[in-house]
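One structure is given below, encoded as C-alpha cells.
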Amino acid sequence: MKLKIGNVELENNLILAPMAGVTDLPFRLLCKEQGCGLMYTEMVSAKAILYKNRNTGPLMEVRPEEEPVALQLFGSDPEIVSDIAAQVEDGPYAFIDINMGCPVPKIVNNGEGSALMKNPKLVEEILTALVKKVKKPVTVKFRKGFDDDHINAVEIARIAESCGVSAVAVHGRTRAQFYSGKADWDIIRQVKEAVKIPVIGNGDIFTPEDAKRMLYETGCDGLMIARGAKGNPWIFSRTLHYLETGELLGPPDKEELKETILRHAQLQIQFKGEYLGLCEMRKHLSWYTVGLPHSSSLRNDVNQTETWEDFYNLIQSRI
Ligand SMILES: Cc1cc2nc3c(=O)[nH]c(=O)nc-3n(C[C@H](O)[C@H](O)[C@H](O)COP(=O)(O)O)c2cc1C
C-alpha cells in the first residue's frame, strides 16, 4: 500500500522504526534492499548537534541509495530543537521527526522523549516552532501515554495535527511499560479515528501476519517495525509479499543468511572500521542466529574475533 506524508510519496507503507544502536546506516541499507518504504536514523540529540558533539556525525549520515530516511531528533527546548532542525534539514532527509516516546531514564529525567507527553503545552510549543522553521515535513513519534493514569495519545495526535505536523507514529505502550506486556493496538485505532493526517502504527509486529492484522484492526496508514527487524531485514520483503499476494514466504535459506551476515559485517567495517565494525556485529549476529543449532558457541567464538578474515571463516564454516 502506498503512503504519502506531506509532499513525499513513499513506495510502500512498511517502515523501519528508529532504534538507537541498531538502525545505523549499514543495517538500513540491508532493510532498504528488502523493500522497506521509509527508515529513520537512530535518535540524535538536538543539544549534542548544537554543541558540535562529534558522535552525531555518523548518526546523521544518510546515503542516496537508502532514501527516503527521516532524521529523528530529541530534545525539549522548543527554540533549540527547532533551530537545530532548521539548520540540518537541508541534509538528505525526507522528514524531520521528533522523539516523544523514548522511555530511558537518562532521557526522561531530562524532560525529553516520553516525558514530553506529560506536558501537552510544551508539545504544542515544540511542534509549532518546528513546523514554523522547518520546510520539510515534520513528523512525531510517541507512545500510548506516560503511564496508565495518563493515557493521552489521542490528545497528542490532535495537537500534532493542529500544529501542522504531517504524520504521527504511535507505539501502543505507555512509558511505564517500556517494552513489556502487549502493545495496545486499540489506541492506534483511536488515534486514527481522531485525526486526518497519516497514522503509523507501531508495536509488536513480528510477522507478516501481525502486519496484516494491525492494518485490519486499527485502519492505520503505515506499519512501523522495530524489534521484528533485528537480525531479520527480510521481514520487509516477506511482509510486502504477504500483503500483496496473501502468500507467506519462508525465512531465508542458509546461503542467503550467510551472505547477508557477511555483507552486513563488510558494511559495518567500511562505515566504522574493522575493530568497531566487528564489535557492532556481535549483537547483530546474536539476532541473526536466534534458534540456529549451536548458535551460542558460534556467538562466543565470534565475540573473540578481531579481524575480518577470522569473522569470514567462522561464518563460512559454522552456519
Ligand atoms: C534497542 C531499541 C532502541 C530504540 N531506539 C529508539 C529511538 O532511537 N527512537 C525511537 O523513537 N524509538 C526507539 N525505540 C522504540 C522503537 O522504535 C519502537 O517504538 C518499539 O520498539 C516498539 O516497536 P516493536 O514492538 O516493533 O519493537 C527503540 C527500541 C529498541 C528495542
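Residues in the C-alpha cells are numbered from 1 in each chain, the chains being A, B, ... in the order shown, and ligands are numbered from 1 in the order shown.
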Q: Please write out the residues within 9 Å of ligand 1 as a PyMOL selection string, counting only C-alpha atoms and all ligand atoms.
A: chain A and resi 16-23+40-44+72-74+97-103+113+140-143+169-173+178-179+182-183+202-206+224-230
Q.
Need to verify the contact set: Asn152 in chain A, 9 Å, only C-alpha atoms, exclusion of same-chain residues closer than 3 positions in sequence. Can you return it as a list in words?
A.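 Once the nearby chain positions are removed, what remains is Met117, Lys118, Arg143, Lys144, Gly145, Phe146, Glu155, Ile156 and Ala157 of chain A.
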Please, could you write that set of residues out with all heavy atoms as an mmCIF file, in the first residue's frame?
data_model
loop_
_atom_site.group_PDB
_atom_site.id
_atom_site.type_symbol
_atom_site.label_atom_id
_atom_site.label_comp_id
_atom_site.auth_asym_id
_atom_site.auth_seq_id
_atom_site.Cartn_x
_atom_site.Cartn_y
_atom_site.Cartn_z
ATOM 1 N N MET A 117 5.214 13.825 26.862
ATOM 2 C CA MET A 117 3.774 13.525 26.824
ATOM 3 C C MET A 117 3.053 14.022 28.078
ATOM 4 O O MET A 117 1.839 14.204 28.071
ATOM 5 C CB MET A 117 3.529 12.027 26.639
ATOM 6 C CG MET A 117 3.998 11.507 25.275
ATOM 7 S SD MET A 117 3.377 9.853 24.944
ATOM 8 C CE MET A 117 1.662 10.181 24.493
ATOM 9 N N LYS A 118 3.822 14.244 29.144
ATOM 10 C CA LYS A 118 3.202 14.739 30.381
ATOM 11 C C LYS A 118 2.937 16.237 30.315
ATOM 12 O O LYS A 118 2.326 16.805 31.214
ATOM 13 C CB LYS A 118 4.139 14.454 31.567
ATOM 14 C CG LYS A 118 4.165 12.995 31.955
ATOM 15 C CD LYS A 118 4.737 12.806 33.348
ATOM 16 C CE LYS A 118 6.223 13.156 33.395
ATOM 17 N NZ LYS A 118 6.839 12.798 34.682
ATOM 18 N N ARG A 143 4.074 7.576 22.381
ATOM 19 C CA ARG A 143 3.509 6.336 22.932
ATOM 20 C C ARG A 143 2.029 6.509 23.251
ATOM 21 O O ARG A 143 1.468 7.584 23.061
ATOM 22 C CB ARG A 143 4.273 5.956 24.205
ATOM 23 C CG ARG A 143 5.652 5.396 23.912
ATOM 24 C CD ARG A 143 6.339 4.947 25.188
ATOM 25 N NE ARG A 143 7.590 4.271 24.867
ATOM 26 C CZ ARG A 143 7.894 3.015 25.222
ATOM 27 N NH1 ARG A 143 7.060 2.315 25.956
ATOM 28 N NH2 ARG A 143 9.054 2.480 24.885
ATOM 29 N N LYS A 144 1.467 5.466 23.806
ATOM 30 C CA LYS A 144 0.060 5.488 24.239
ATOM 31 C C LYS A 144 -0.166 6.570 25.310
ATOM 32 O O LYS A 144 -1.215 7.206 25.377
ATOM 33 C CB LYS A 144 -0.244 4.101 24.820
ATOM 34 C CG LYS A 144 -1.591 3.893 25.424
ATOM 35 C CD LYS A 144 -1.676 2.435 25.926
ATOM 36 C CE LYS A 144 -2.981 2.170 26.653
ATOM 37 N NZ LYS A 144 -3.068 0.765 27.124
ATOM 38 N N GLY A 145 0.832 6.765 26.132
ATOM 39 C CA GLY A 145 0.768 7.762 27.200
ATOM 40 C C GLY A 145 1.967 7.566 28.090
ATOM 41 O O GLY A 145 2.835 6.733 27.790
ATOM 42 N N PHE A 146 2.011 8.314 29.203
ATOM 43 C CA PHE A 146 3.174 8.161 30.080
ATOM 44 C C PHE A 146 3.015 6.933 30.979
ATOM 45 O O PHE A 146 3.926 6.142 31.131
ATOM 46 C CB PHE A 146 3.394 9.419 30.917
ATOM 47 C CG PHE A 146 4.740 9.424 31.576
ATOM 48 C CD1 PHE A 146 5.887 9.745 30.849
ATOM 49 C CD2 PHE A 146 4.884 9.055 32.908
ATOM 50 C CE1 PHE A 146 7.149 9.714 31.447
ATOM 51 C CE2 PHE A 146 6.132 9.023 33.510
ATOM 52 C CZ PHE A 146 7.260 9.351 32.775
ATOM 53 N N GLU A 155 -4.889 12.934 22.460
ATOM 54 C CA GLU A 155 -4.693 14.376 22.669
ATOM 55 C C GLU A 155 -3.411 14.859 21.964
ATOM 56 O O GLU A 155 -3.409 15.885 21.272
ATOM 57 C CB GLU A 155 -4.586 14.650 24.187
ATOM 58 C CG GLU A 155 -4.326 16.109 24.521
ATOM 59 C CD GLU A 155 -3.973 16.328 26.002
ATOM 60 O OE1 GLU A 155 -3.706 15.340 26.728
ATOM 61 O OE2 GLU A 155 -3.977 17.508 26.421
ATOM 62 N N ILE A 156 -2.338 14.078 22.107
ATOM 63 C CA ILE A 156 -1.063 14.482 21.497
ATOM 64 C C ILE A 156 -1.189 14.470 19.970
ATOM 65 O O ILE A 156 -0.681 15.359 19.268
ATOM 66 C CB ILE A 156 0.093 13.550 21.963
ATOM 67 C CG1 ILE A 156 0.256 13.610 23.494
ATOM 68 C CG2 ILE A 156 1.408 13.895 21.259
ATOM 69 C CD1 ILE A 156 0.755 14.909 24.074
ATOM 70 N N ALA A 157 -1.903 13.483 19.437
ATOM 71 C CA ALA A 157 -2.077 13.412 17.979
ATOM 72 C C ALA A 157 -2.870 14.621 17.473
ATOM 73 O O ALA A 157 -2.545 15.203 16.426
ATOM 74 C CB ALA A 157 -2.793 12.112 17.601
#
Q | Backbone DSSP call of alpha helix (DSSP H) for range 57-263 of chain A, listed as number ranges by chain | A | A: 57-60, 78-88, 105-108, 120-133, 153-163, 185-194, 208-218, 234-245, 254-263
**Q.** Nearest-residue call for Ala85 in chain A, choices A:Met60, A:Val154, A:Val199, A:Ile159, using only C-alpha atoms
**A.**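 Ranked by minimum distance to Ala85 in chain A, first place goes to A:Met60.
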Q: Identify which of the residues A:Thr260, A:Thr128, A:Asn12, A:Ser180 lies closest to Ser82 in chain A, counting only C-alpha atoms when measuring atom-to-atom distances.
A: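 The answer is A:Thr128, which sits nearest to Ser82 in chain A.
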Q: Compare A:Glu67, A:Phe271, A:Thr207, A:Ile84 by their minimum atom-to-atom distance to Ser237 in chain A, counting only C-alpha atoms, and give me the closest one.
A: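 Using only C-alpha atoms, the shortest distance to Ser237 in chain A belongs to A:Thr207.
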Q. CA of Ala176 in chain A and CA of Ile107 in chain A are how many Å apart?
A.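 That distance, rounded to one decimal, is 13.7 Å.
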**Q.** Pick from A:Lys254, A:Lys212, A:Arg299, A:Lys272, whichever lies nearest to Gln316 in chain A using only C-alpha atoms
**A.**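 Smallest separation from Gln316 in chain A among the options: A:Lys254.
For the atom pair formed by CA of Glu125 in chain A and CA of Lys47 in chain A, the distance is 17.2 Å, given to one decimal.
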(Q) Quick one: residues within 8 Å of Lys136 in chain A, only C-alpha atoms, excluding same-chain residues fewer than 4 positions away - as a VMD selection string? (A) chain A and resid 89 94 to 96
Dump N, CA, C and O atoms for the selected residues as an mmCIF file, in the first residue's frame?
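Wrote result21.cif, looks like this:
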data_model
loop_
_atom_site.group_PDB
_atom_site.id
_atom_site.type_symbol
_atom_site.label_atom_id
_atom_site.label_comp_id
_atom_site.auth_asym_id
_atom_site.auth_seq_id
_atom_site.Cartn_x
_atom_site.Cartn_y
_atom_site.Cartn_z
ATOM 1 N N GLU A 89 18.157 20.541 8.184
ATOM 2 C CA GLU A 89 17.137 19.942 7.310
ATOM 3 C C GLU A 89 17.555 19.857 5.844
ATOM 4 O O GLU A 89 16.967 19.094 5.088
ATOM 5 N N ALA A 94 14.155 13.038 4.336
ATOM 6 C CA ALA A 94 12.824 13.257 3.781
ATOM 7 C C ALA A 94 11.953 14.017 4.775
ATOM 8 O O ALA A 94 11.128 14.855 4.385
ATOM 9 N N PHE A 95 12.124 13.702 6.068
ATOM 10 C CA PHE A 95 11.319 14.326 7.118
ATOM 11 C C PHE A 95 12.208 14.638 8.303
ATOM 12 O O PHE A 95 13.259 14.040 8.476
ATOM 13 N N ILE A 96 11.721 15.540 9.131
ATOM 14 C CA ILE A 96 12.327 15.726 10.448
ATOM 15 C C ILE A 96 11.330 15.148 11.453
ATOM 16 O O ILE A 96 10.176 15.573 11.520
#
